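Student: Following this line is data_27.txt, made up of compact mmCIF, C-alpha atoms and all ligand atoms:
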# COMPACT_ATOMS: atom_id res chain seq x y z
CA MET A 1 5.00 13.74 25.02
CA ARG A 2 7.74 11.34 26.15
CA GLY A 3 6.54 8.85 23.56
CA ARG A 4 6.78 11.52 20.87
CA LYS A 5 10.28 12.55 21.91
CA ASN A 6 11.35 8.89 21.82
CA LEU A 7 9.88 8.43 18.40
CA GLU A 8 11.57 11.60 17.11
CA ARG A 9 14.92 10.43 18.49
CA MET A 10 14.54 7.00 16.88
CA ALA A 11 13.50 8.56 13.58
CA GLU A 12 16.61 10.83 13.70
CA GLN A 13 18.81 7.77 14.21
CA GLN A 14 17.15 5.71 11.51
CA PHE A 15 17.21 8.31 8.73
CA ARG A 16 20.50 10.13 9.35
CA GLY A 17 21.70 9.61 5.78
CA PHE A 18 18.49 10.78 4.14
CA SER A 19 19.31 13.84 2.05
CA ARG A 20 17.11 16.75 3.02
CA ARG A 21 18.61 19.40 0.71
CA VAL A 22 16.94 20.51 -2.50
CA ARG A 23 19.37 20.45 -5.40
CA GLY A 24 20.29 23.90 -6.66
CA SER A 25 18.76 26.09 -3.97
CA GLY A 26 20.25 24.25 -0.98
CA THR A 27 16.93 24.70 0.89
CA ARG A 28 16.22 22.04 3.44
CA ALA A 29 13.72 19.76 1.73
CA ILE A 30 10.58 18.36 3.25
CA TYR A 31 9.74 14.87 2.04
CA PHE A 32 5.96 14.56 1.83
CA ASP A 33 5.75 11.63 -0.57
CA SER A 34 5.96 8.66 1.77
CA ALA A 35 2.81 7.14 0.23
CA ALA A 36 4.78 6.61 -3.00
CA THR A 37 7.93 5.23 -1.43
CA THR A 38 9.96 5.61 1.73
CA PRO A 39 13.72 6.03 2.22
CA GLU A 40 15.73 3.11 3.56
CA ALA A 41 16.03 3.07 7.36
CA ASP A 42 19.22 2.26 9.18
CA PHE A 43 17.75 -1.00 10.53
CA SER A 44 17.28 -2.30 6.96
CA SER A 45 20.69 -1.11 5.69
CA ARG A 46 22.53 -2.70 8.61
CA ALA A 47 20.77 -6.06 8.25
CA MET A 48 21.62 -6.15 4.54
CA GLN A 49 25.23 -5.12 5.18
CA ARG A 50 25.59 -7.94 7.70
CA ALA A 51 23.96 -10.50 5.40
CA LYS A 52 26.29 -9.55 2.52
CA ARG A 53 29.28 -10.95 4.42
CA THR A 54 27.96 -14.51 4.19
CA LEU A 55 25.69 -14.21 1.18
CA ALA A 56 24.78 -17.34 -0.81
CA ASN A 57 21.71 -18.49 -2.67
CA VAL A 58 18.88 -19.83 -0.53
CA HIS A 59 17.94 -23.51 -0.22
CA ARG A 60 20.44 -24.55 -2.88
CA GLY A 61 23.55 -25.64 -1.05
CA LYS A 62 24.85 -27.48 1.96
CA GLY A 63 27.65 -24.94 2.59
CA ASP A 64 27.75 -22.79 5.66
CA PHE A 65 26.96 -19.57 3.80
CA SER A 66 23.94 -21.16 2.17
CA LYS A 67 22.69 -22.42 5.52
CA ILE A 68 23.14 -19.00 7.20
CA THR A 69 21.42 -17.14 4.35
CA SER A 70 18.59 -19.69 4.11
CA HIS A 71 18.01 -19.43 7.83
CA SER A 72 17.71 -15.61 7.73
CA PHE A 73 15.43 -15.84 4.72
CA ASP A 74 13.16 -18.41 6.41
CA GLN A 75 13.01 -16.30 9.55
CA ALA A 76 11.61 -13.47 7.43
CA ARG A 77 8.50 -15.55 6.68
CA LYS A 78 7.85 -16.04 10.37
CA THR A 79 8.40 -12.34 11.03
CA ALA A 80 5.96 -11.47 8.22
CA LEU A 81 3.18 -13.53 9.80
CA ARG A 82 3.91 -12.09 13.23
CA PHE A 83 3.96 -8.57 11.82
CA ILE A 84 0.29 -8.81 10.83
CA ASN A 85 -0.63 -10.83 13.94
CA ALA A 86 -1.51 -13.87 11.84
CA GLN A 87 -1.99 -17.45 12.89
CA PRO A 88 0.72 -19.49 11.10
CA GLU A 89 -1.41 -22.64 10.78
CA GLY A 90 -3.33 -22.68 7.54
CA ASN A 91 -1.67 -19.55 6.15
CA TYR A 92 1.38 -18.59 4.09
CA ALA A 93 3.43 -15.47 3.60
CA VAL A 94 4.53 -15.68 -0.04
CA PHE A 95 7.33 -13.28 -0.95
CA VAL A 96 6.70 -10.88 -3.84
CA ARG A 97 8.51 -7.87 -5.32
CA ASN A 98 5.88 -5.22 -4.68
CA ASN A 99 2.21 -4.69 -3.87
CA THR A 100 1.19 -5.09 -7.50
CA GLU A 101 2.76 -8.54 -7.71
CA GLY A 102 1.12 -9.58 -4.41
CA LEU A 103 -2.31 -8.45 -5.61
CA ASN A 104 -1.80 -10.24 -8.94
CA LEU A 105 -0.82 -13.38 -7.05
CA ALA A 106 -3.99 -13.19 -4.91
CA ALA A 107 -6.11 -12.82 -8.06
CA HIS A 108 -4.21 -15.72 -9.64
CA ILE A 109 -4.82 -18.00 -6.62
CA MET A 110 -8.55 -17.18 -6.76
CA GLN A 111 -8.81 -17.43 -10.54
CA SER A 112 -10.10 -21.00 -10.74
CA GLN A 113 -12.66 -20.50 -7.95
CA PRO A 114 -16.27 -20.01 -9.06
CA GLY A 115 -17.90 -16.58 -8.75
CA ILE A 116 -17.01 -12.98 -9.46
CA THR A 117 -14.70 -10.52 -7.72
CA LEU A 118 -16.09 -7.29 -6.27
CA VAL A 119 -13.67 -4.38 -5.98
CA SER A 120 -14.32 -1.03 -4.34
CA GLU A 121 -14.37 2.12 -6.44
CA MET A 122 -11.53 3.57 -4.39
CA GLU A 123 -8.92 0.98 -5.32
CA HIS A 124 -5.49 1.63 -6.74
CA HIS A 125 -5.30 0.21 -10.27
CA SER A 126 -3.15 -2.58 -8.85
CA ASN A 127 -6.22 -3.87 -7.00
CA ILE A 128 -8.56 -3.55 -10.00
CA LEU A 129 -6.70 -4.69 -13.09
CA PRO A 130 -5.32 -8.04 -11.76
CA HIS A 131 -8.96 -9.10 -11.14
CA GLN A 132 -10.37 -7.68 -14.37
CA GLU A 133 -7.68 -9.45 -16.39
CA ARG A 134 -8.53 -12.80 -14.82
CA GLY A 135 -12.32 -12.93 -14.79
CA LYS A 136 -15.62 -11.22 -14.18
CA THR A 137 -15.26 -8.21 -11.87
CA GLY A 138 -17.83 -5.78 -10.47
CA PHE A 139 -17.53 -2.59 -8.43
CA PHE A 140 -19.13 -1.65 -5.15
CA GLY A 141 -19.78 1.97 -4.47
CA ILE A 142 -18.57 4.79 -2.34
CA SER A 143 -20.44 7.52 -0.52
CA LYS A 144 -20.44 11.24 -1.38
CA LYS A 145 -17.73 11.79 1.25
CA GLY A 146 -15.51 9.29 -0.55
CA ALA A 147 -15.98 6.46 2.01
CA ILE A 148 -17.05 2.85 1.40
CA ASP A 149 -20.78 2.37 0.99
CA PHE A 150 -21.26 -0.82 3.02
CA SER A 151 -24.94 -1.13 2.15
CA ASP A 152 -24.02 -1.17 -1.53
CA LEU A 153 -21.40 -3.84 -0.80
CA GLU A 154 -24.00 -5.98 0.96
CA ALA A 155 -26.57 -5.46 -1.80
CA LYS A 156 -24.02 -6.54 -4.43
CA LEU A 157 -22.93 -9.56 -2.36
CA LYS A 158 -26.57 -10.59 -2.01
CA SER A 159 -27.66 -10.07 -5.56
CA HIS A 160 -24.88 -11.55 -7.67
CA LYS A 161 -26.12 -14.67 -9.38
CA GLY A 162 -23.39 -17.29 -9.35
CA GLY A 163 -21.99 -15.74 -6.19
CA VAL A 164 -19.08 -13.54 -5.23
CA LYS A 165 -15.77 -15.30 -4.59
CA LEU A 166 -13.67 -12.33 -3.51
CA VAL A 167 -14.09 -8.82 -2.13
CA ALA A 168 -11.01 -6.69 -2.88
CA ILE A 169 -10.67 -3.57 -0.76
CA THR A 170 -7.96 -1.16 0.29
CA GLY A 171 -6.85 -0.99 3.91
CA ALA A 172 -6.06 2.72 3.50
CA SER A 173 -6.58 4.78 0.36
CA ASN A 174 -3.50 6.19 -1.34
CA VAL A 175 -5.65 9.15 -2.48
CA THR A 176 -7.56 10.32 0.61
CA GLY A 177 -5.89 8.21 3.28
CA TYR A 178 -9.35 6.90 4.24
CA MET A 179 -9.26 3.65 6.21
CA PRO A 180 -12.37 1.57 5.68
CA ASP A 181 -13.42 -0.83 8.43
CA ILE A 182 -11.85 -3.90 6.79
CA HIS A 183 -13.18 -6.23 9.46
CA ARG A 184 -16.73 -5.06 8.77
CA ALA A 185 -16.11 -5.77 5.08
CA ALA A 186 -14.69 -9.19 6.02
CA ARG A 187 -17.79 -10.05 8.08
CA LEU A 188 -20.02 -9.13 5.16
CA ALA A 189 -17.90 -11.04 2.63
CA HIS A 190 -17.89 -14.16 4.80
CA LYS A 191 -21.63 -13.94 5.44
CA TYR A 192 -22.16 -14.40 1.70
CA GLY A 193 -19.47 -17.06 1.21
CA ALA A 194 -16.81 -14.76 -0.28
CA ARG A 195 -13.17 -14.25 0.73
CA ILE A 196 -11.60 -10.86 1.35
CA LEU A 197 -8.38 -9.38 -0.03
CA VAL A 198 -6.93 -6.28 1.65
CA ASP A 199 -4.48 -4.04 -0.19
CA ALA A 200 -2.46 -2.88 2.83
CA ALA A 201 0.13 -0.91 0.84
CA GLN A 202 -0.66 2.24 2.82
CA MET A 203 -1.03 0.49 6.17
CA GLY A 204 2.22 -1.45 6.59
CA ALA A 205 4.36 1.41 7.94
CA HIS A 206 1.55 3.38 9.54
CA VAL A 207 -1.02 1.32 11.47
CA PRO A 208 -0.92 -1.99 13.33
CA ILE A 209 -2.46 -4.80 11.27
CA TYR A 210 -4.52 -7.59 12.84
CA VAL A 211 -5.70 -10.20 10.34
CA LYS A 212 -7.31 -12.17 13.24
CA GLY A 213 -7.55 -15.95 13.69
CA ASN A 214 -8.79 -18.14 10.83
CA ASN A 215 -12.03 -18.94 12.66
CA SER A 216 -13.02 -15.35 13.33
CA VAL A 217 -15.87 -14.11 11.10
CA SER A 218 -13.94 -10.90 10.54
CA HIS A 219 -10.67 -12.67 9.62
CA ILE A 220 -8.76 -11.25 6.64
CA ASP A 221 -8.06 -14.00 4.09
CA PHE A 222 -5.56 -12.25 1.83
CA LEU A 223 -3.41 -9.19 2.55
CA VAL A 224 -0.49 -7.53 0.75
CA VAL A 225 2.28 -5.20 1.93
CA ALA A 226 5.57 -4.16 0.32
CA GLY A 227 8.94 -3.15 1.74
CA HIS A 228 9.52 -0.02 -0.32
CA LYS A 229 6.70 1.72 1.53
CA MET A 230 8.03 0.40 4.86
CA TYR A 231 11.57 1.85 4.97
CA ASN A 232 13.22 -0.96 2.98
CA PRO A 233 14.43 -0.65 -0.64
CA ALA A 234 12.16 -1.64 -3.53
CA GLY A 235 11.82 -5.31 -4.47
CA SER A 236 10.39 -6.93 -1.35
CA GLY A 237 6.93 -7.66 0.04
CA PHE A 238 4.58 -10.49 0.84
CA LEU A 239 1.13 -11.84 0.20
CA PHE A 240 -0.62 -13.36 3.21
CA CYS A 241 -2.99 -16.08 1.99
CA PRO A 242 -4.75 -19.34 2.93
CA SER A 243 -2.34 -22.26 2.43
CA GLY A 244 -4.99 -24.65 1.06
CA LEU A 245 -5.98 -22.29 -1.76
CA ALA A 246 -2.34 -21.43 -2.52
CA ASP A 247 -1.37 -25.12 -2.71
CA SER A 248 -4.20 -25.96 -5.08
CA ALA A 249 -3.57 -23.06 -7.49
CA ARG A 250 -1.29 -23.40 -10.50
CA PRO A 251 2.22 -22.04 -9.78
CA PHE A 252 2.35 -18.28 -10.36
CA MET A 253 5.76 -18.39 -12.03
CA PRO A 254 6.75 -22.01 -12.76
CA GLY A 255 10.48 -22.67 -12.77
CA GLY A 256 13.44 -23.27 -10.51
CA GLY A 257 12.59 -23.52 -6.83
CA THR A 258 8.90 -24.34 -7.35
CA VAL A 259 9.09 -28.12 -7.77
CA VAL A 260 9.67 -31.40 -5.98
CA ALA A 261 10.55 -33.36 -9.13
CA VAL A 262 10.57 -32.98 -12.92
CA THR A 263 10.84 -35.63 -15.64
CA LYS A 264 10.41 -35.08 -19.35
CA GLY A 265 6.76 -36.05 -18.97
CA LYS A 266 5.74 -35.01 -15.48
CA THR A 267 6.27 -32.23 -12.97
CA ILE A 268 5.42 -32.37 -9.31
CA TYR A 269 5.10 -28.86 -7.91
CA SER A 270 5.91 -28.11 -4.27
CA LYS A 271 3.26 -27.37 -1.74
CA GLY A 272 4.23 -24.31 0.27
CA PRO A 273 4.90 -20.62 -0.42
CA GLU A 274 7.83 -21.53 -2.70
CA ARG A 275 5.31 -23.03 -5.19
CA HIS A 276 4.66 -19.42 -6.27
CA GLU A 277 8.18 -18.01 -5.90
CA GLY A 278 9.92 -19.08 -9.11
CA GLY A 279 13.62 -18.26 -9.48
CA THR A 280 16.11 -16.69 -7.11
CA PRO A 281 14.23 -14.36 -4.77
CA ASN A 282 15.32 -10.92 -3.59
CA ILE A 283 17.44 -12.43 -0.82
CA LEU A 284 19.07 -9.32 0.62
CA GLY A 285 15.90 -7.27 0.15
CA THR A 286 13.89 -9.85 2.07
CA ILE A 287 16.42 -9.86 4.91
CA GLY A 288 16.25 -6.05 4.96
CA PHE A 289 12.46 -6.27 4.91
CA ARG A 290 12.51 -8.54 7.95
CA ALA A 291 14.65 -5.99 9.78
CA ALA A 292 12.21 -3.23 8.75
CA MET A 293 9.26 -5.14 10.18
CA ILE A 294 11.13 -5.81 13.41
CA GLY A 295 12.28 -2.16 13.55
CA LEU A 296 8.74 -0.86 13.05
CA LYS A 297 7.42 -3.14 15.79
CA LYS A 298 10.20 -1.97 18.08
CA ILE A 299 9.32 1.69 17.58
CA GLY A 300 5.71 0.57 18.00
CA LEU A 301 3.07 0.88 15.30
CA LYS A 302 0.66 2.32 17.85
CA ASN A 303 3.20 5.10 18.59
CA ILE A 304 3.73 5.70 14.88
CA ARG A 305 -0.03 5.83 14.34
CA ALA A 306 -0.47 8.33 17.19
CA HIS A 307 2.36 10.51 15.83
CA GLU A 308 1.02 10.50 12.27
CA MET A 309 -2.53 11.15 13.46
CA GLU A 310 -1.30 14.25 15.29
CA LEU A 311 0.46 15.47 12.12
CA THR A 312 -2.65 14.82 10.04
CA LYS A 313 -4.85 16.69 12.50
CA LEU A 314 -2.46 19.64 12.42
CA ALA A 315 -2.38 19.67 8.62
CA LEU A 316 -6.16 19.28 8.19
CA HIS A 317 -6.84 21.98 10.76
CA GLY A 318 -4.45 24.41 9.06
CA MET A 319 -5.68 23.60 5.57
CA LYS A 320 -9.29 24.24 6.57
CA LYS A 321 -8.38 27.86 7.30
CA ILE A 322 -6.78 28.53 3.92
CA PRO A 323 -9.14 30.30 1.52
CA ASN A 324 -9.72 28.63 -1.85
CA LEU A 325 -8.24 25.34 -0.75
CA LYS A 326 -10.23 22.12 -1.08
CA VAL A 327 -9.35 18.89 0.71
CA TYR A 328 -10.75 15.68 -0.83
CA GLY A 329 -12.48 13.09 1.38
CA GLY A 330 -14.63 14.27 4.23
CA PHE A 331 -12.99 12.53 7.17
CA GLY A 332 -10.79 13.53 10.06
CA GLU A 333 -7.47 12.15 11.25
CA LYS A 334 -9.05 9.21 13.11
CA LYS A 335 -10.37 7.74 9.88
CA ARG A 336 -7.34 8.30 7.71
CA VAL A 337 -3.62 7.64 7.53
CA GLY A 338 -1.32 10.61 6.90
CA VAL A 339 -2.36 11.11 3.28
CA ILE A 340 -4.16 14.30 2.20
CA SER A 341 -5.17 15.28 -1.33
CA PHE A 342 -6.18 18.82 -2.18
CA SER A 343 -6.47 21.49 -4.83
CA VAL A 344 -6.59 25.29 -5.02
CA LYS A 345 -9.66 26.74 -6.72
CA GLY A 346 -8.93 28.19 -10.14
CA MET A 347 -5.38 26.85 -10.23
CA ASP A 348 -4.12 24.05 -12.46
CA TYR A 349 -2.99 21.19 -10.22
CA ALA A 350 0.28 20.72 -12.13
CA GLU A 351 1.14 24.38 -11.55
CA LEU A 352 0.19 24.05 -7.88
CA ALA A 353 2.48 21.02 -7.58
CA ARG A 354 5.29 22.86 -9.35
CA GLN A 355 5.13 25.77 -6.93
CA ILE A 356 5.00 23.51 -3.85
CA ASN A 357 7.96 21.44 -5.10
CA GLU A 358 9.86 24.62 -5.88
CA ALA A 359 9.40 25.71 -2.27
CA GLY A 360 11.19 22.52 -1.21
CA VAL A 361 8.20 20.37 -0.31
CA GLN A 362 8.42 17.08 -2.20
CA ILE A 363 4.85 16.12 -3.10
CA ARG A 364 2.94 14.19 -5.77
CA GLU A 365 0.24 15.23 -8.22
CA GLY A 366 -2.11 13.59 -10.72
CA CYS A 367 -4.58 10.72 -10.41
CA PHE A 368 -2.41 8.49 -8.20
CA CYS A 369 -3.16 5.31 -10.21
CA ALA A 370 -6.73 5.40 -8.92
CA HIS A 371 -8.66 6.95 -11.82
CA PRO A 372 -12.19 5.77 -10.86
CA TYR A 373 -11.84 7.17 -7.33
CA VAL A 374 -10.29 10.47 -8.47
CA HIS A 375 -13.09 10.89 -11.03
CA ARG A 376 -15.67 10.41 -8.27
CA LEU A 377 -13.95 12.84 -5.92
CA LEU A 378 -13.82 15.43 -8.68
CA GLY A 379 -17.54 14.98 -9.24
CA LEU A 380 -17.22 13.54 -12.74
CA ASN A 381 -20.16 11.36 -13.74
CA GLU A 382 -19.91 8.25 -15.90
CA ALA A 383 -20.51 10.24 -19.11
CA ASP A 384 -17.73 12.72 -18.20
CA ALA A 385 -15.37 9.85 -17.39
CA THR A 386 -16.18 8.09 -20.67
CA ARG A 387 -15.53 11.31 -22.64
CA LEU A 388 -12.23 11.70 -20.85
CA VAL A 389 -11.17 8.15 -21.61
CA SER A 390 -12.09 8.57 -25.31
CA ALA A 391 -9.98 11.74 -25.51
CA LEU A 392 -7.03 9.93 -23.92
CA GLU A 393 -7.48 6.96 -26.23
CA LYS A 394 -7.04 9.31 -29.20
CA ASN A 395 -4.26 11.28 -27.56
CA PRO A 396 -2.46 9.80 -24.53
CA ASN A 397 -1.08 13.30 -23.83
CA ALA A 398 -4.53 14.93 -23.57
CA PRO A 399 -5.02 16.76 -20.24
CA LYS A 400 -6.03 14.60 -17.30
CA PRO A 401 -7.84 15.81 -14.20
CA GLY A 402 -6.16 15.46 -10.84
CA PHE A 403 -5.01 17.13 -7.66
CA VAL A 404 -2.05 17.27 -5.31
CA ARG A 405 -1.17 14.88 -2.47
CA VAL A 406 0.97 15.12 0.65
CA SER A 407 1.81 12.04 2.71
CA PHE A 408 3.69 11.62 5.96
CA GLY A 409 6.11 9.13 7.44
CA LEU A 410 7.45 8.44 10.89
CA TYR A 411 10.25 11.01 10.32
CA THR A 412 7.76 13.81 9.54
CA THR A 413 7.74 16.55 12.17
CA PRO A 414 5.06 19.10 13.20
CA GLU A 415 7.53 21.85 12.19
CA GLU A 416 7.57 20.48 8.64
CA VAL A 417 3.77 20.47 8.54
CA LYS A 418 3.72 24.08 9.74
CA LYS A 419 6.23 25.12 7.07
CA PHE A 420 4.12 23.39 4.44
CA LEU A 421 1.02 25.27 5.66
CA VAL A 422 2.87 28.57 5.23
CA VAL A 423 3.87 27.57 1.68
CA ILE A 424 0.37 26.61 0.52
CA ARG A 425 -1.25 29.55 2.24
CA LYS A 426 0.97 31.91 0.22
CA ILE A 427 0.26 30.06 -3.01
CA ALA A 428 -3.50 29.98 -2.42
CA LEU A 429 -3.63 33.69 -1.53
CA ARG A 430 -1.59 34.58 -4.63
CA ALA A 431 -3.97 32.50 -6.77
CA LYS A 432 -6.98 34.25 -5.22
CA ALA A 433 -5.53 37.69 -5.87
CA ALA A 434 -4.61 36.88 -9.50
C1 LIG A 501 -2.91 1.51 -2.20
C2 LIG A 501 -1.83 1.05 -3.14
N1 LIG A 501 -1.93 -0.15 -3.73
C3 LIG A 501 -1.01 -0.60 -4.58
C4 LIG A 501 0.09 0.15 -4.91
C5 LIG A 501 1.11 -0.39 -5.86
O1 LIG A 501 2.28 -0.58 -5.15
P1 LIG A 501 3.63 -1.10 -5.81
O2 LIG A 501 4.21 0.05 -6.53
O3 LIG A 501 4.42 -1.56 -4.64
O4 LIG A 501 3.29 -2.23 -6.70
C6 LIG A 501 0.24 1.42 -4.34
C7 LIG A 501 1.38 2.29 -4.71
O5 LIG A 501 1.40 3.46 -4.50
C8 LIG A 501 -0.73 1.88 -3.43
O6 LIG A 501 -0.65 3.07 -2.85
Represent the structure contained in this file as structure tokens.

Tutor:
Amino acid sequence: MRGRKNLERMAEQQFRGFSRRVRGSGTRAIYFDSAATTPEADFSSRAMQRAKRTLANVHRGKGDFSKITSHSFDQARKTALRFINAQPEGNYAVFVRNNTEGLNLAAHIMQSQPGITLVSEMEHHSNILPHQERGKTGFFGISKKGAIDFSDLEAKLKSHKGGVKLVAITGASNVTGYMPDIHRAARLAHKYGARILVDAAQMGAHVPIYVKGNNSVSHIDFLVVAGHKMYNPAGSGFLFCPSGLADSARPFMPGGGTVVAVTKGKTIYSKGPERHEGGTPNILGTIGFRAAMIGLKKIGLKNIRAHEMELTKLALHGMKKIPNLKVYGGFGEKKRVGVISFSVKGMDYAELARQINEAGVQIREGCFCAHPYVHRLLGLNEADATRLVSALEKNPNAPKPGFVRVSFGLYTTPEEVKKFLVVIRKIALRAKAA
């Protein structure tokens, strides 16, 4: 209870400026779209404000401002590794703009390695397409409940001729919130000589991350998080990766900042995270991101997790009692982050979303950039999915299936969840009566 009060007080302080009024009606808004992006916290804003006073480019000058800015920037790399409890030896934190860029960079680093990449069927497109665009990619399956089918993963790891080089898996689904056991997946991947990449977009601000030591069989090799889902503005993030593989890969974006020396005939690229960070980075954003990671650790990711689990339990419990309402993914709050997708029987999901938004609850609807997973959850088979894709190929505006999603952040309160339950109960009952 005391922990919760502390967390609520800190959340109040951190998000004072966050507008909670709906335009037009003046109703106090409820922001339930934290899985898409999060507002900037005070800890990030203040760090960026401070850094602005002595801002210079990084690693490019001997002046005082350049030294101060470069120091803060370099500290952010150390903070990043500490944030995920990583061993600094043998690993890098390479700065990227968002999760998509980090996942592309991981696929790029692995591109010249022999073998195929296996991705789970529940991935966000950003953890499917970067692999498909760079080489042979297969899928491993999910259960009826919408969870990872580990026996299918093992069967695919065992049976692939030529071997599997990488298993790409989400740390927490942006559709159902489901958190697979990533260390179990890592153990399996390593048993068959593969590496593992975790898309931690939905973990960073919500659960503590432990990548474990390099020698552990359940160590995570690659992991991506981004600042805009962790209370920092868009444009910051990092890829955690093995230094040896990163140093032997071709530079991701060759150019200024990536080299030791260039002549007209020869270029010597740097070894280090900067090899893949061409051009001027998001300096202020990275400094803000460092402050966000420190701020989150200070509040305590275990406290945040406990708070969000309580909210999820409350929401799931209330939603279960609403007639006509279907929640996707058959797992409780212990197995998911604060992300819940649902629909109301007989009601178009876009109309459902419109009515919820109109009541002041800011939510998201559609397929959440995870079409294969959404198709599975909706019970579409391969033939249905193929028909759907053909229709969309002919007409990109053809109707798409989908549902509605709510997602929580550390500022979400039980009162907001209760208000939301009242809103959807009314909508579902109206739909039933119609
Ligand atoms: C699980 C997951 N992976 C990847 C992404 C892509 O993130 P970004 O927009 O930062 O590239 C998202 C965004 O919602 C996500 O939820």

Student: Between A:Arg4, A:Lys144, A:Arg9, A:Lys302, single out the one closest to Gly379 of chain A, counting all atoms listed in the file.

Tutor: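 Ranking A:Arg4, A:Lys144, A:Arg9, A:Lys302 by distance to Gly379 of chain A, first place goes to A:Lys144.
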
Student: Quick one: residues within 6 Å of ligand LIG 501 (chain A), with only C-alpha atoms and all ligand atoms, as a PyMOL selection string?

Tutor: chain A and resi 36+98-100+124+126+173-174+199+201-202+226

Student: Residues within 9 Å of Asp64 of chain A, please, as an MDAnalysis selection string. Count all atoms listed in the file; anything in the same chain fewer than 5 positions from it doesn't count.

Tutor: chainID A and resid 54 56 69

Student: Can you list every residue of segment 151-260 of chain A that has an atom at most 12 Å from segment 74-78 of chain A, with its nearest atom pair and the distance in Å to one decimal, using only C-alpha atoms, ordered by chain then number, as a tab-separated table?

Tutor:
residue	atom	partner	partner_atom	distance
A:Ser236	CA	A:Ala76	CA	11.0
A:Gly237	CA	A:Arg77	CA	10.4
A:Phe238	CA	A:Arg77	CA	8.7
A:Leu239	CA	A:Arg77	CA	10.5
A:Phe240	CA	A:Arg77	CA	10.0

Student: For atom CA of Ser341 of chain A and atom CA of Ala315 of chain A, quote the distance in Å rounded to one decimal.

Tutor: 11.2 Å

Student: Quick check, in Å to one decimal: how far apart do atom CA of Gly227 of chain A and atom CA of His276 of chain A lie?

Tutor: 18.6 Å

Student: Which residues of segment 321-364 of chain A come within 12 Å of segment 412-421 of chain A, and for each one, what is the closest pair of atoms and their distance in Å to one decimal, counting only C-alpha atoms, sorted by chain and residue number, as a tab-separated table?

Tutor:
residue	atom	partner	partner_atom	distance
A:Lys321	CA	A:Leu421	CA	9.9
A:Ile322	CA	A:Leu421	CA	8.6
A:Leu325	CA	A:Leu421	CA	11.3
A:Gly338	CA	A:Thr412	CA	10.0
A:Ile340	CA	A:Val417	CA	11.9
A:Gln355	CA	A:Phe420	CA	11.7
A:Ile356	CA	A:Phe420	CA	8.3
A:Asn357	CA	A:Phe420	CA	10.5
A:Glu358	CA	A:Phe420	CA	11.9
A:Ala359	CA	A:Phe420	CA	8.8
A:Gly360	CA	A:Phe420	CA	9.1
A:Val361	CA	A:Phe420	CA	7.0
A:Gln362	CA	A:Phe420	CA	10.1
A:Ile363	CA	A:Phe420	CA	10.5

Student: Quick check, in Å to one decimal: how far apart do atom CA of His375 of chain A and atom CA of Gly402 of chain A lie?

Tutor: 8.3 Å

Student: Rank nothing, just name the residue among A:Thr386, A:Ser407, A:Thr286, A:Thr137 nearest to Ala80 of chain A, using all atoms listed in the file.

Tutor: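 Nearest candidate to Ala80 of chain A out of A:Thr386, A:Ser407, A:Thr286, A:Thr137: A:Thr286.
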
Student: List the neighbours of Gln14 of chain A out to 6 Å using all atoms listed in the file; skip same-chain residues closer than 2 positions along the sequence, and give me the result as a VMD selection string.

Tutor: chain A and resid 11 to 12 16 41 to 42

Student: Taking into account only C-alpha atoms, which residue in the set A:Tyr349, A:Phe331, A:Phe73, A:Phe43 is nearest to Ile427 of chain A?

Tutor: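 Result for the nearest residue to Ile427 of chain A: A:Tyr349.
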
Student: Please provide the set of residues having any atom within 12 Å of segment 59-62 of chain A, restricted to only C-alpha atoms, with same-chain residues fewer than 2 positions apart removed, written as an MDAnalysis selection string.

Tutor: chainID A and resid 55:57 64:74 256:258 274 279:281 283

Student: Hey, what's within 10 Å of Gly204 of chain A if we count only C-alpha atoms and toss same-chain stuff fewer than 4 positions away? As a PDB file with C-alpha atoms, keeping the file's coordinate frame, please?

Tutor:
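Contents of around-v8.pdb, freshly written:
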ATOM      1  CA  PHE A  83       3.960  -8.570  11.820  1.00  0.00           C
ATOM      2  CA  ILE A  84       0.290  -8.810  10.830  1.00  0.00           C
ATOM      3  CA  GLY A 171      -6.850  -0.990   3.910  1.00  0.00           C
ATOM      4  CA  ALA A 172      -6.060   2.720   3.500  1.00  0.00           C
ATOM      5  CA  ASP A 199      -4.480  -4.040  -0.190  1.00  0.00           C
ATOM      6  CA  ALA A 200      -2.460  -2.880   2.830  1.00  0.00           C
ATOM      7  CA  PRO A 208      -0.920  -1.990  13.330  1.00  0.00           C
ATOM      8  CA  ILE A 209      -2.460  -4.800  11.270  1.00  0.00           C
ATOM      9  CA  VAL A 224      -0.490  -7.530   0.750  1.00  0.00           C
ATOM     10  CA  VAL A 225       2.280  -5.200   1.930  1.00  0.00           C
ATOM     11  CA  ALA A 226       5.570  -4.160   0.320  1.00  0.00           C
ATOM     12  CA  GLY A 227       8.940  -3.150   1.740  1.00  0.00           C
ATOM     13  CA  LYS A 229       6.700   1.720   1.530  1.00  0.00           C
ATOM     14  CA  MET A 230       8.030   0.400   4.860  1.00  0.00           C
ATOM     15  CA  MET A 293       9.260  -5.140  10.180  1.00  0.00           C
ATOM     16  CA  LEU A 296       8.740  -0.860  13.050  1.00  0.00           C
ATOM     17  CA  LEU A 301       3.070   0.880  15.300  1.00  0.00           C
TER      18      LEU A 301
END

Student: Here is a test: counting only C-alpha atoms, which residue of A:Ala194, A:Leu153, A:Ala147, A:Val262 is nearest to Pro180 of chain A?

Tutor: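 That would be A:Ala147, the residue with the smallest distance to Pro180 of chain A.
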
Student: May I have the protein, DNA and RNA residues with any atom at most 9 Å from the point (-2.6, -24.9, -8.6), counting all atoms listed in the file, written as a ChimeraX atom specification?

Tutor: /A:109,112,245-252,269,275
